file model-v4.pdb (PDB, C-alpha atoms and all ligand atoms)
ATOM      1  CA  MET N   1    -101.147  95.434 -92.625
ATOM      2  CA  LEU N   2    -101.112  97.356 -89.421
ATOM      3  CA  LEU N   3    -103.234 100.361 -88.840
ATOM      4  CA  LYS N   4    -102.716 103.126 -86.329
ATOM      5  CA  THR N   5    -105.530 105.522 -86.685
ATOM      6  CA  ASP N   6    -108.260 107.478 -84.971
ATOM      7  CA  ALA N   7    -111.908 106.919 -84.227
ATOM      8  CA  ARG N   8    -112.391 105.853 -87.829
ATOM      9  CA  ALA N   9    -110.615 102.521 -87.349
ATOM     10  CA  GLN N  10    -113.720 100.517 -88.252
ATOM     11  CA  ALA N  11    -114.261 102.535 -91.435
ATOM     12  CA  TRP N  12    -110.696 101.664 -92.463
ATOM     13  CA  VAL N  13    -111.139  97.982 -91.669
ATOM     14  CA  ASP N  14    -114.382  97.882 -93.704
ATOM     15  CA  ALA N  15    -112.774  99.735 -96.599
ATOM     16  CA  PHE N  16    -109.830  97.318 -96.699
ATOM     17  CA  SER N  17    -112.164  94.329 -96.685
ATOM     18  CA  MET N  18    -113.797  95.764 -99.837
ATOM     19  CA  ALA N  19    -110.592  96.861-101.595
ATOM     20  CA  MET N  20    -108.360  93.942-100.713
ATOM     21  CA  PRO N  21    -110.256  91.128 -98.984
ATOM     22  CA  GLU N  22    -107.173  88.901 -98.815
ATOM     23  CA  LEU N  23    -105.253  91.480 -96.746
ATOM     24  CA  GLU N  24    -105.148  90.804 -93.024
ATOM     25  CA  VAL N  25    -105.624  94.054 -91.131
ATOM     26  CA  ARG N  26    -104.590  94.451 -87.507
ATOM     27  CA  LEU N  27    -105.099  97.495 -85.345
ATOM     28  CA  TRP N  28    -102.389  98.918 -83.144
ATOM     29  CA  PRO N  29    -101.794  98.058 -80.349
ATOM     30  CA  GLU N  30    -103.725  94.762 -80.544
ATOM     31  CA  THR N  31    -101.537  93.366 -83.256
ATOM     32  CA  GLY N  32    -100.823  89.779 -82.273
ATOM     33  CA  ASP N  33     -97.400  88.622 -83.483
ATOM     34  CA  ARG N  34     -95.720  91.851 -84.585
ATOM     35  CA  SER N  35     -93.140  90.055 -86.691
ATOM     36  CA  GLU N  36     -95.946  89.255 -89.145
ATOM     37  CA  ILE N  37     -96.636  92.913 -89.939
ATOM     38  CA  ASN N  38     -95.073  94.140 -93.157
ATOM     39  CA  CYS N  39     -97.104  97.232 -94.134
ATOM     40  CA  ALA N  40     -98.262 100.032 -91.857
ATOM     41  CA  LEU N  41    -100.837 102.752 -92.417
ATOM     42  CA  LEU N  42    -100.099 105.533 -89.986
ATOM     43  CA  TRP N  43    -100.910 108.984 -88.716
ATOM     44  CA  GLY N  44     -99.047 110.322 -85.671
ATOM     45  CA  PRO N  45     -97.588 106.964 -84.617
ATOM     46  CA  PRO N  46     -96.518 106.400 -81.000
ATOM     47  CA  PRO N  47     -92.693 106.467 -80.941
ATOM     48  CA  GLU N  48     -92.365 102.917 -79.605
ATOM     49  CA  LEU N  49     -94.250 101.489 -82.588
ATOM     50  CA  PHE N  50     -91.228 101.250 -84.870
ATOM     51  CA  ASP N  51     -89.084  99.461 -82.272
ATOM     52  CA  GLN N  52     -91.509  96.582 -82.372
ATOM     53  CA  LEU N  53     -92.019  96.028 -86.075
ATOM     54  CA  ASP N  54     -88.884  94.322 -87.300
ATOM     55  CA  ASN N  55     -90.307  93.101 -90.599
ATOM     56  CA  LEU N  56     -91.951  96.300 -91.760
ATOM     57  CA  GLU N  57     -91.395  96.876 -95.491
ATOM     58  CA  VAL N  58     -93.394  99.998 -96.240
ATOM     59  CA  ILE N  59     -95.315 102.783 -94.522
ATOM     60  CA  PHE N  60     -98.398 104.404 -95.999
ATOM     61  CA  SER N  61     -99.209 107.825 -94.622
ATOM     62  CA  ILE N  62    -102.888 108.422 -93.838
ATOM     63  CA  GLY N  63    -102.483 112.113 -94.559
ATOM     64  CA  ALA N  64    -101.190 113.964 -97.593
ATOM     65  CA  GLY N  65     -98.654 115.664 -95.313
ATOM     66  CA  VAL N  66     -95.965 113.486 -93.748
ATOM     67  CA  ASP N  67     -94.453 115.973 -91.278
ATOM     68  CA  SER N  68     -95.824 114.213 -88.191
ATOM     69  CA  LEU N  69     -94.457 110.909 -89.456
ATOM     70  CA  LEU N  70     -91.028 112.322 -90.291
ATOM     71  CA  ALA N  71     -90.852 113.967 -86.868
ATOM     72  CA  CYS N  72     -90.989 110.541 -85.250
ATOM     73  CA  PRO N  73     -87.524 110.083 -83.682
ATOM     74  CA  ASN N  74     -87.161 106.370 -84.318
ATOM     75  CA  LEU N  75     -88.620 106.184 -87.800
ATOM     76  CA  PRO N  76     -86.380 103.651 -89.576
ATOM     77  CA  ALA N  77     -84.444 105.568 -92.226
ATOM     78  CA  HIS N  78     -84.479 102.779 -94.826
ATOM     79  CA  LEU N  79     -88.254 102.319 -95.029
ATOM     80  CA  PRO N  80     -90.134 103.611 -98.071
ATOM     81  CA  ILE N  81     -92.951 105.996 -97.125
ATOM     82  CA  VAL N  82     -95.856 106.354 -99.546
ATOM     83  CA  ARG N  83     -97.781 109.621 -99.482
ATOM     84  CA  MET N  84    -101.561 109.536 -99.574
ATOM     85  CA  VAL N  85    -102.816 110.575-102.993
ATOM     86  CA  GLU N  86    -106.472 109.719-103.406
ATOM     87  CA  SER N  87    -109.264 111.274-105.405
ATOM     88  CA  GLU N  88    -111.565 112.301-102.536
ATOM     89  CA  LEU N  89    -108.749 113.957-100.599
ATOM     90  CA  THR N  90    -107.807 115.915-103.716
ATOM     91  CA  ALA N  91    -111.427 116.810-104.468
ATOM     92  CA  GLY N  92    -111.997 118.008-100.898
ATOM     93  CA  MET N  93    -108.978 120.277-101.032
ATOM     94  CA  VAL N  94    -110.042 121.712-104.378
ATOM     95  CA  GLU N  95    -113.558 122.402-103.032
ATOM     96  CA  PHE N  96    -112.241 124.093 -99.910
ATOM     97  CA  CYS N  97    -109.936 126.403-101.854
ATOM     98  CA  LEU N  98    -112.487 127.173-104.577
ATOM     99  CA  PHE N  99    -115.055 128.076-101.925
ATOM    100  CA  HIS N 100    -112.778 130.693-100.350
ATOM    101  CA  ILE N 101    -111.379 131.960-103.650
ATOM    102  CA  LEU N 102    -114.901 132.571-104.947
ATOM    103  CA  ARG N 103    -115.950 134.203-101.691
ATOM    104  CA  PHE N 104    -113.060 136.667-101.763
ATOM    105  CA  HIS N 105    -113.139 137.310-105.485
ATOM    106  CA  ARG N 106    -116.926 137.903-105.502
ATOM    107  CA  LEU N 107    -116.597 140.044-102.304
ATOM    108  CA  MET N 108    -119.059 137.879-100.379
ATOM    109  CA  HIS N 109    -117.160 138.653 -97.163
ATOM    110  CA  LEU N 110    -118.004 142.344 -97.666
ATOM    111  CA  PHE N 111    -121.647 141.647 -98.545
ATOM    112  CA  GLU N 112    -121.906 139.522 -95.405
ATOM    113  CA  ASN N 113    -120.743 142.521 -93.355
ATOM    114  CA  HIS N 114    -123.176 144.784 -95.198
ATOM    115  CA  ARG N 115    -126.057 142.437 -94.475
ATOM    116  CA  VAL N 116    -125.364 142.629 -90.738
ATOM    117  CA  ARG N 117    -125.601 146.445 -90.991
ATOM    118  CA  ARG N 118    -128.667 146.306 -93.332
ATOM    119  CA  HIS N 119    -126.547 148.244 -95.766
ATOM    120  CA  TRP N 120    -127.412 148.070 -99.501
ATOM    121  CA  GLU N 121    -124.491 148.832-101.789
ATOM    122  CA  GLU N 122    -123.529 147.528-105.176
ATOM    123  CA  LEU N 123    -119.768 146.936-105.055
ATOM    124  CA  THR N 124    -117.735 146.851-108.246
ATOM    125  CA  GLN N 125    -116.896 143.323-109.230
ATOM    126  CA  VAL N 126    -114.103 142.165-111.492
ATOM    127  CA  SER N 127    -114.148 139.228-113.833
ATOM    128  CA  ALA N 128    -112.350 136.001-112.911
ATOM    129  CA  SER N 129    -110.156 136.499-115.955
ATOM    130  CA  GLU N 130    -108.712 139.585-114.242
ATOM    131  CA  VAL N 131    -107.845 137.763-111.022
ATOM    132  CA  THR N 132    -104.554 135.911-110.616
ATOM    133  CA  VAL N 133    -104.510 133.053-108.159
ATOM    134  CA  GLY N 134    -101.019 132.056-107.016
ATOM    135  CA  ILE N 135    -100.780 128.495-105.791
ATOM    136  CA  MET N 136     -97.809 127.782-103.520
ATOM    137  CA  GLY N 137     -97.138 124.091-103.470
ATOM    138  CA  PHE N 138     -97.792 122.916-106.989
ATOM    139  CA  GLY N 139     -97.969 119.155-106.655
ATOM    140  CA  VAL N 140    -100.975 116.872-107.031
ATOM    141  CA  LEU N 141    -103.324 119.093-104.985
ATOM    142  CA  GLY N 142    -102.111 122.415-106.370
ATOM    143  CA  GLN N 143    -102.355 121.273-109.954
ATOM    144  CA  ALA N 144    -105.845 119.821-109.444
ATOM    145  CA  LEU N 145    -106.926 123.198-108.075
ATOM    146  CA  ALA N 146    -105.228 124.983-110.975
ATOM    147  CA  ARG N 147    -107.222 122.978-113.532
ATOM    148  CA  GLN N 148    -110.552 123.889-111.909
ATOM    149  CA  LEU N 149    -109.569 127.533-111.580
ATOM    150  CA  SER N 150    -108.530 127.675-115.227
ATOM    151  CA  ALA N 151    -111.919 126.247-116.181
ATOM    152  CA  LEU N 152    -113.506 129.135-114.254
ATOM    153  CA  ARG N 153    -111.257 131.530-116.261
ATOM    154  CA  TYR N 154    -108.990 132.596-113.399
ATOM    155  CA  ARG N 155    -105.369 133.289-114.247
ATOM    156  CA  VAL N 156    -103.286 130.759-112.396
ATOM    157  CA  ILE N 157     -99.605 130.724-111.501
ATOM    158  CA  GLY N 158     -97.796 128.095-109.470
ATOM    159  CA  TYR N 159     -94.840 128.108-107.119
ATOM    160  CA  ARG N 160     -92.774 125.090-106.220
ATOM    161  CA  ARG N 161     -89.522 124.335-104.490
ATOM    162  CA  GLY N 162     -87.511 123.203-107.491
ATOM    163  CA  PRO N 163     -87.756 123.521-111.263
ATOM    164  CA  GLY N 164     -90.240 121.436-113.190
ATOM    165  CA  GLU N 165     -92.591 122.189-116.057
ATOM    166  CA  VAL N 166     -96.332 121.814-115.650
ATOM    167  CA  GLU N 167     -98.055 121.742-119.004
ATOM    168  CA  GLY N 168    -100.039 124.865-119.743
ATOM    169  CA  MET N 169     -99.093 126.563-116.455
ATOM    170  CA  GLU N 170     -96.701 129.318-115.524
ATOM    171  CA  VAL N 171     -94.585 127.977-112.694
ATOM    172  CA  PHE N 172     -92.144 129.850-110.454
ATOM    173  CA  TYR N 173     -89.622 128.101-108.271
ATOM    174  CA  GLY N 174     -86.942 128.673-105.683
ATOM    175  CA  THR N 175     -86.591 131.502-103.224
ATOM    176  CA  ASN N 176     -85.300 133.980-105.792
ATOM    177  CA  GLN N 177     -88.556 133.754-107.786
ATOM    178  CA  LEU N 178     -90.794 134.014-104.735
ATOM    179  CA  GLU N 179     -91.056 137.791-104.781
ATOM    180  CA  GLU N 180     -92.145 137.892-108.426
ATOM    181  CA  PHE N 181     -94.632 135.065-107.818
ATOM    182  CA  MET N 182     -96.148 136.774-104.780
ATOM    183  CA  GLY N 183     -96.212 140.128-106.548
ATOM    184  CA  ARG N 184     -98.560 138.631-109.134
ATOM    185  CA  SER N 185    -100.866 136.779-106.694
ATOM    186  CA  ASP N 186    -104.164 138.610-106.054
ATOM    187  CA  ILE N 187    -105.234 135.540-104.132
ATOM    188  CA  LEU N 188    -102.449 133.452-102.630
ATOM    189  CA  VAL N 189    -103.268 129.840-101.826
ATOM    190  CA  ALA N 190    -100.754 127.890 -99.746
ATOM    191  CA  LEU N 191    -100.713 124.117-100.059
ATOM    192  CA  MET N 192     -97.105 123.701 -98.976
ATOM    193  CA  PRO N 193     -95.792 120.811 -96.912
ATOM    194  CA  SER N 194     -94.060 121.571 -93.640
ATOM    195  CA  THR N 195     -90.293 121.373 -94.074
ATOM    196  CA  LEU N 196     -87.328 123.212 -92.595
ATOM    197  CA  GLU N 197     -87.332 125.482 -95.657
ATOM    198  CA  THR N 198     -91.014 126.395 -95.516
ATOM    199  CA  LYS N 199     -91.156 127.440 -91.864
ATOM    200  CA  LYS N 200     -92.421 131.041 -91.561
ATOM    201  CA  MET N 201     -91.977 131.549 -95.294
ATOM    202  CA  ILE N 202     -95.102 133.694 -95.126
ATOM    203  CA  ASN N 203     -94.096 136.605 -92.904
ATOM    204  CA  SER N 204     -94.386 140.401 -92.900
ATOM    205  CA  ARG N 205     -91.602 140.721 -95.493
ATOM    206  CA  THR N 206     -92.998 138.212 -97.988
ATOM    207  CA  LEU N 207     -96.588 139.362 -97.384
ATOM    208  CA  SER N 208     -95.495 142.884 -98.333
ATOM    209  CA  TRP N 209     -94.727 141.530-101.838
ATOM    210  CA  LEU N 210     -98.404 140.721-102.472
ATOM    211  CA  PRO N 211    -100.460 143.219-104.448
ATOM    212  CA  SER N 212    -102.219 145.606-102.086
ATOM    213  CA  GLY N 213    -105.596 144.219-100.994
ATOM    214  CA  ALA N 214    -104.651 140.609-101.733
ATOM    215  CA  TYR N 215    -106.181 137.595-100.013
ATOM    216  CA  PHE N 216    -104.475 134.615 -98.422
ATOM    217  CA  ILE N 217    -105.740 131.060 -98.032
ATOM    218  CA  ASN N 218    -103.734 128.490 -96.060
ATOM    219  CA  ALA N 219    -104.796 124.872 -96.314
ATOM    220  CA  GLY N 220    -101.314 123.326 -96.080
ATOM    221  CA  ARG N 221     -99.472 123.591 -92.793
ATOM    222  CA  GLY N 222     -99.629 126.265 -90.104
ATOM    223  CA  ASP N 223     -95.895 126.627 -89.570
ATOM    224  CA  LEU N 224     -95.594 128.169 -93.052
ATOM    225  CA  VAL N 225     -96.955 131.363 -91.538
ATOM    226  CA  ASP N 226     -95.598 133.810 -89.026
ATOM    227  CA  GLU N 227     -98.963 134.648 -87.480
ATOM    228  CA  GLU N 228     -97.748 137.939 -86.029
ATOM    229  CA  GLY N 229     -96.718 139.104 -89.499
ATOM    230  CA  LEU N 230    -100.049 137.938 -90.887
ATOM    231  CA  VAL N 231    -102.029 139.884 -88.289
ATOM    232  CA  GLU N 232     -99.912 142.965 -89.000
ATOM    233  CA  ALA N 233    -100.660 142.731 -92.735
ATOM    234  CA  LEU N 234    -104.373 142.336 -91.987
ATOM    235  CA  ASP N 235    -104.327 145.262 -89.546
ATOM    236  CA  HIS N 236    -102.666 147.540 -92.086
ATOM    237  CA  GLY N 237    -105.140 146.470 -94.748
ATOM    238  CA  SER N 238    -102.378 145.370 -97.131
ATOM    239  CA  LEU N 239    -103.985 141.945 -96.813
ATOM    240  CA  ALA N 240    -107.762 142.224 -97.267
ATOM    241  CA  GLY N 241    -108.721 138.842 -95.884
ATOM    242  CA  ALA N 242    -107.535 135.375 -95.003
ATOM    243  CA  ALA N 243    -109.009 131.907 -94.788
ATOM    244  CA  LEU N 244    -106.983 129.711 -92.467
ATOM    245  CA  ASP N 245    -107.464 126.013 -91.899
ATOM    246  CA  VAL N 246    -104.086 125.363 -90.273
ATOM    247  CA  PHE N 247    -102.176 127.192 -87.543
ATOM    248  CA  GLU N 248     -98.842 127.442 -85.757
ATOM    249  CA  THR N 249    -100.547 125.847 -82.745
ATOM    250  CA  GLU N 250    -103.549 123.572 -83.136
ATOM    251  CA  PRO N 251    -106.163 123.778 -81.771
ATOM    252  CA  LEU N 252    -105.901 127.543 -82.287
ATOM    253  CA  PRO N 253    -105.491 128.944 -78.739
ATOM    254  CA  GLN N 254    -108.499 130.741 -77.245
ATOM    255  CA  GLU N 255    -106.437 133.915 -76.849
ATOM    256  CA  SER N 256    -105.395 134.084 -80.514
ATOM    257  CA  ILE N 257    -106.304 137.406 -82.033
ATOM    258  CA  LEU N 258    -107.132 135.612 -85.277
ATOM    259  CA  TRP N 259    -110.445 134.313 -83.891
ATOM    260  CA  ALA N 260    -111.958 137.768 -83.803
ATOM    261  CA  HIS N 261    -110.164 139.420 -86.673
ATOM    262  CA  PRO N 262    -112.528 140.814 -89.320
ATOM    263  CA  ASN N 263    -112.307 139.126 -92.708
ATOM    264  CA  VAL N 264    -110.515 136.127 -91.271
ATOM    265  CA  TYR N 265    -112.193 132.766 -91.718
ATOM    266  CA  ILE N 266    -111.099 129.987 -89.422
ATOM    267  CA  THR N 267    -111.672 126.268 -89.787
ATOM    268  CA  PRO N 268    -110.205 123.511 -87.591
ATOM    269  CA  HIS N 269    -107.871 121.700 -90.031
ATOM    270  CA  ILE N 270    -110.729 120.181 -92.012
ATOM    271  CA  ALA N 271    -109.955 121.435 -95.517
ATOM    272  CA  SER N 272    -109.766 117.876 -96.704
ATOM    273  CA  ILE N 273    -109.780 114.528 -95.014
ATOM    274  CA  THR N 274    -108.630 111.172 -96.341
ATOM    275  CA  HIS N 275    -111.569 109.014 -97.381
ATOM    276  CA  PRO N 276    -111.014 105.359 -96.402
ATOM    277  CA  PRO N 277    -112.729 103.660 -99.416
ATOM    278  CA  THR N 278    -110.713 105.531-102.062
ATOM    279  CA  ALA N 279    -107.564 105.480 -99.906
ATOM    280  CA  CYS N 280    -107.769 101.693 -99.532
ATOM    281  CA  ARG N 281    -108.201 101.258-103.283
ATOM    282  CA  TYR N 282    -105.053 103.373-103.768
ATOM    283  CA  ILE N 283    -103.124 101.261-101.244
ATOM    284  CA  ALA N 284    -104.408  97.973-102.690
ATOM    285  CA  ASP N 285    -103.347  99.100-106.156
ATOM    286  CA  ALA N 286     -99.904 100.182-104.910
ATOM    287  CA  ILE N 287     -99.364  96.841-103.155
ATOM    288  CA  SER N 288    -100.436  94.758-106.127
ATOM    289  CA  ARG N 289     -98.282  96.780-108.552
ATOM    290  CA  HIS N 290     -95.351  96.513-106.188
ATOM    291  CA  ARG N 291     -95.768  92.745-106.089
ATOM    292  CA  GLN N 292     -95.418  92.793-109.876
ATOM    293  CA  GLY N 293     -92.127  94.626-109.594
ATOM    294  CA  GLU N 294     -93.296  98.227-109.996
ATOM    295  CA  PRO N 295     -91.919 100.937-107.691
ATOM    296  CA  TRP N 296     -94.037 102.384-104.876
ATOM    297  CA  PRO N 297     -95.992 105.457-106.015
ATOM    298  CA  HIS N 298     -95.555 108.966-104.558
ATOM    299  CA  LEU N 299     -92.568 108.092-102.435
ATOM    300  CA  VAL N 300     -91.555 110.579 -99.764
ATOM    301  CA  GLU N 301     -88.024 111.883 -99.997
ATOM    302  CA  THR N 302     -87.119 112.136 -96.337
ATOM    303  CA  GLY N 303     -84.183 114.468 -97.031
ATOM    304  CA  ARG N 304     -86.390 117.155 -98.534
ATOM    305  CA  GLY N 305     -89.176 116.570 -96.023
ATOM    306  CA  TYR N 306     -92.127 115.539 -98.254
TER     307      TYR N 306
HETATM  308  C1  LIG N 401    -103.903 116.618 -93.455
HETATM  309  O1  LIG N 401    -103.476 117.567 -92.908
HETATM  310  C2  LIG N 401    -103.153 115.817 -94.378
HETATM  311  O2  LIG N 401    -101.917 115.922 -94.396
HETATM  312  O3  LIG N 401    -103.762 115.035 -95.124
END
call {"tool": "encode", "arguments": {"input": "model-v4.pdb", "output": "structure tokens", "more": "lines below"}}
Ligand code: GLV
result
Amino acid sequence: MLLKTDARAQAWVDAFSMAMPELEVRLWPETGDRSEINCALLWGPPPELFDQLDNLEVIFSIGAGVDSLLACPNLPAHLPIVRMVESELTAGMVEFCLFHILRFHRLMHLFENHRVRRHWEELTQVSASEVTVGIMGFGVLGQALARQLSALRYRVIGYRRGPGEVEGMEVFYGTNQLEEFMGRSDILVALMPSTLETKKMINSRTLSWLPSGAYFINAGRGDLVDEEGLVEALDHGSLAGAALDVFETEPLPQESILWAHPNVYITPHIASITHPPTACRYIADAISRHRQGEPWPHLVETGRGY
């Protein structure tokens, strides 16, 4: 196993020694004989990495999103890529979205502004059962969020790229159902991967389909959003607030108008982060099942981009 990661390299090495003690872990670039490496765990690999790993059999992505991996020009086309699906990453994403959904639904952003002005006013609140949350990107993360929201009595609808039933959920798909989906979403949560099709899918035209005074939460990828269109919708008040964890350019440039926009909450791409102990258990399980002839789990389809 080869690991190309960040400052958390030691945490990964420790987690692998717990989850799969027999696995030899080497850190890029100090790999020793590179022909001995057959699995790689990667995030933002240096382009030359793939030219030097002739016996690689599988790539595990450190992140849930694989856009940075797929953008790598010399990624070998034949290699299976396994997406990261682990319980802590899912839980973190659910927490992040719930936090902002509850804030907007319970008008905490308005009460925060009132507090600054020492203004006492009881605002009318609506019940969760009257609020529809639209989740764009209805895979593992979106469905986990949907289950928690349903337990809190929110109405939940999902949107995905292609058809596919999700038990107990109303699911929209394809571009011709996007308008109807957005038209029903009082709070729109985007958990979409970055693909050619999703770029700038949220723009002034699609934002105009939201109910007036809707809220938008983006915890997927920044290139889903045309930020100019988003600012316009916020300025006109058609969008009442936004919580953004991802941006067209990261770090968000100092001069971005979003930093100072009222009712916009900004976080630096921290909605959820892969947790090495649970991630290593997932990888160890995938490797041992694969050795028994089972297919790799959560395989990326490079053609569709996730
Ligand atoms: C983070 O952005 C991830 O893809 O996990």
call {"tool": "resolve_selection", "arguments": {"input": "model-v4.pdb", "expression": "the PyMOL selection byres (((not hetatm)) within 9 of (chain N and resi 401))", "output": "PyMOL selection string"}}
result
chain N and resi 61-68+84+89+193+219-221+246+269-274
call {"tool": "write_last_selection", "arguments": {"input": "model-v4.pdb", "atoms": "C-alpha atoms", "output": "PDB file, in the coordinates of the input"}}
result
ATOM      1  CA  SER N  61     -99.209 107.825 -94.622  1.00  0.00           C
ATOM      2  CA  ILE N  62    -102.888 108.422 -93.838  1.00  0.00           C
ATOM      3  CA  GLY N  63    -102.483 112.113 -94.559  1.00  0.00           C
ATOM      4  CA  ALA N  64    -101.190 113.964 -97.593  1.00  0.00           C
ATOM      5  CA  GLY N  65     -98.654 115.664 -95.313  1.00  0.00           C
ATOM      6  CA  VAL N  66     -95.965 113.486 -93.748  1.00  0.00           C
ATOM      7  CA  ASP N  67     -94.453 115.973 -91.278  1.00  0.00           C
ATOM      8  CA  SER N  68     -95.824 114.213 -88.191  1.00  0.00           C
ATOM      9  CA  MET N  84    -101.561 109.536 -99.574  1.00  0.00           C
ATOM     10  CA  LEU N  89    -108.749 113.957-100.599  1.00  0.00           C
ATOM     11  CA  PRO N 193     -95.792 120.811 -96.912  1.00  0.00           C
ATOM     12  CA  ALA N 219    -104.796 124.872 -96.314  1.00  0.00           C
ATOM     13  CA  GLY N 220    -101.314 123.326 -96.080  1.00  0.00           C
ATOM     14  CA  ARG N 221     -99.472 123.591 -92.793  1.00  0.00           C
ATOM     15  CA  VAL N 246    -104.086 125.363 -90.273  1.00  0.00           C
ATOM     16  CA  HIS N 269    -107.871 121.700 -90.031  1.00  0.00           C
ATOM     17  CA  ILE N 270    -110.729 120.181 -92.012  1.00  0.00           C
ATOM     18  CA  ALA N 271    -109.955 121.435 -95.517  1.00  0.00           C
ATOM     19  CA  SER N 272    -109.766 117.876 -96.704  1.00  0.00           C
ATOM     20  CA  ILE N 273    -109.780 114.528 -95.014  1.00  0.00           C
ATOM     21  CA  THR N 274    -108.630 111.172 -96.341  1.00  0.00           C
TER      22      THR N 274
END
call {"tool": "atom_distance", "arguments": {"input": "model-v4.pdb", "atom1": "CA of Val131 in chain N", "atom2": "CA of Ser185 in chain N"}}
result
8.3 Å
call {"tool": "resolve_selection", "arguments": {"input": "model-v4.pdb", "expression": "the PyMOL selection byres (((chain N and resi 18-22) around 9) and not hetatm)", "output": "compact mmCIF listing (two decimals) with C-alpha atoms, keeping the file's coordinate frame"}}
result
# COMPACT_ATOMS: atom_id res chain seq x y z
CA VAL N 13 -111.14 97.98 -91.67
CA ASP N 14 -114.38 97.88 -93.70
CA ALA N 15 -112.77 99.74 -96.60
CA PHE N 16 -109.83 97.32 -96.70
CA SER N 17 -112.16 94.33 -96.68
CA LEU N 23 -105.25 91.48 -96.75
CA GLU N 24 -105.15 90.80 -93.02
CA PRO N 277 -112.73 103.66 -99.42
CA THR N 278 -110.71 105.53 -102.06
CA CYS N 280 -107.77 101.69 -99.53
CA ARG N 281 -108.20 101.26 -103.28
CA TYR N 282 -105.05 103.37 -103.77
CA ILE N 283 -103.12 101.26 -101.24
CA ALA N 284 -104.41 97.97 -102.69
CA ASP N 285 -103.35 99.10 -106.16
call {"tool": "residues_around", "arguments": {"input": "model-v4.pdb", "residues": "Ala146 in chain N", "least_positions_apart": "6", "cutoff": "10 Å", "atoms": "only C-alpha atoms", "output": "number ranges by chain"}}
result
N: 94, 98, 133-135, 138, 140, 152, 154-158, 169
call {"tool": "closest_residue", "arguments": {"input": "model-v4.pdb", "among": "N:Leu79, N:Val116, N:Ala144, N:Ala151", "to": "Met93 in chain N", "atoms": "all atoms listed in the file"}}
result
N:Ala144
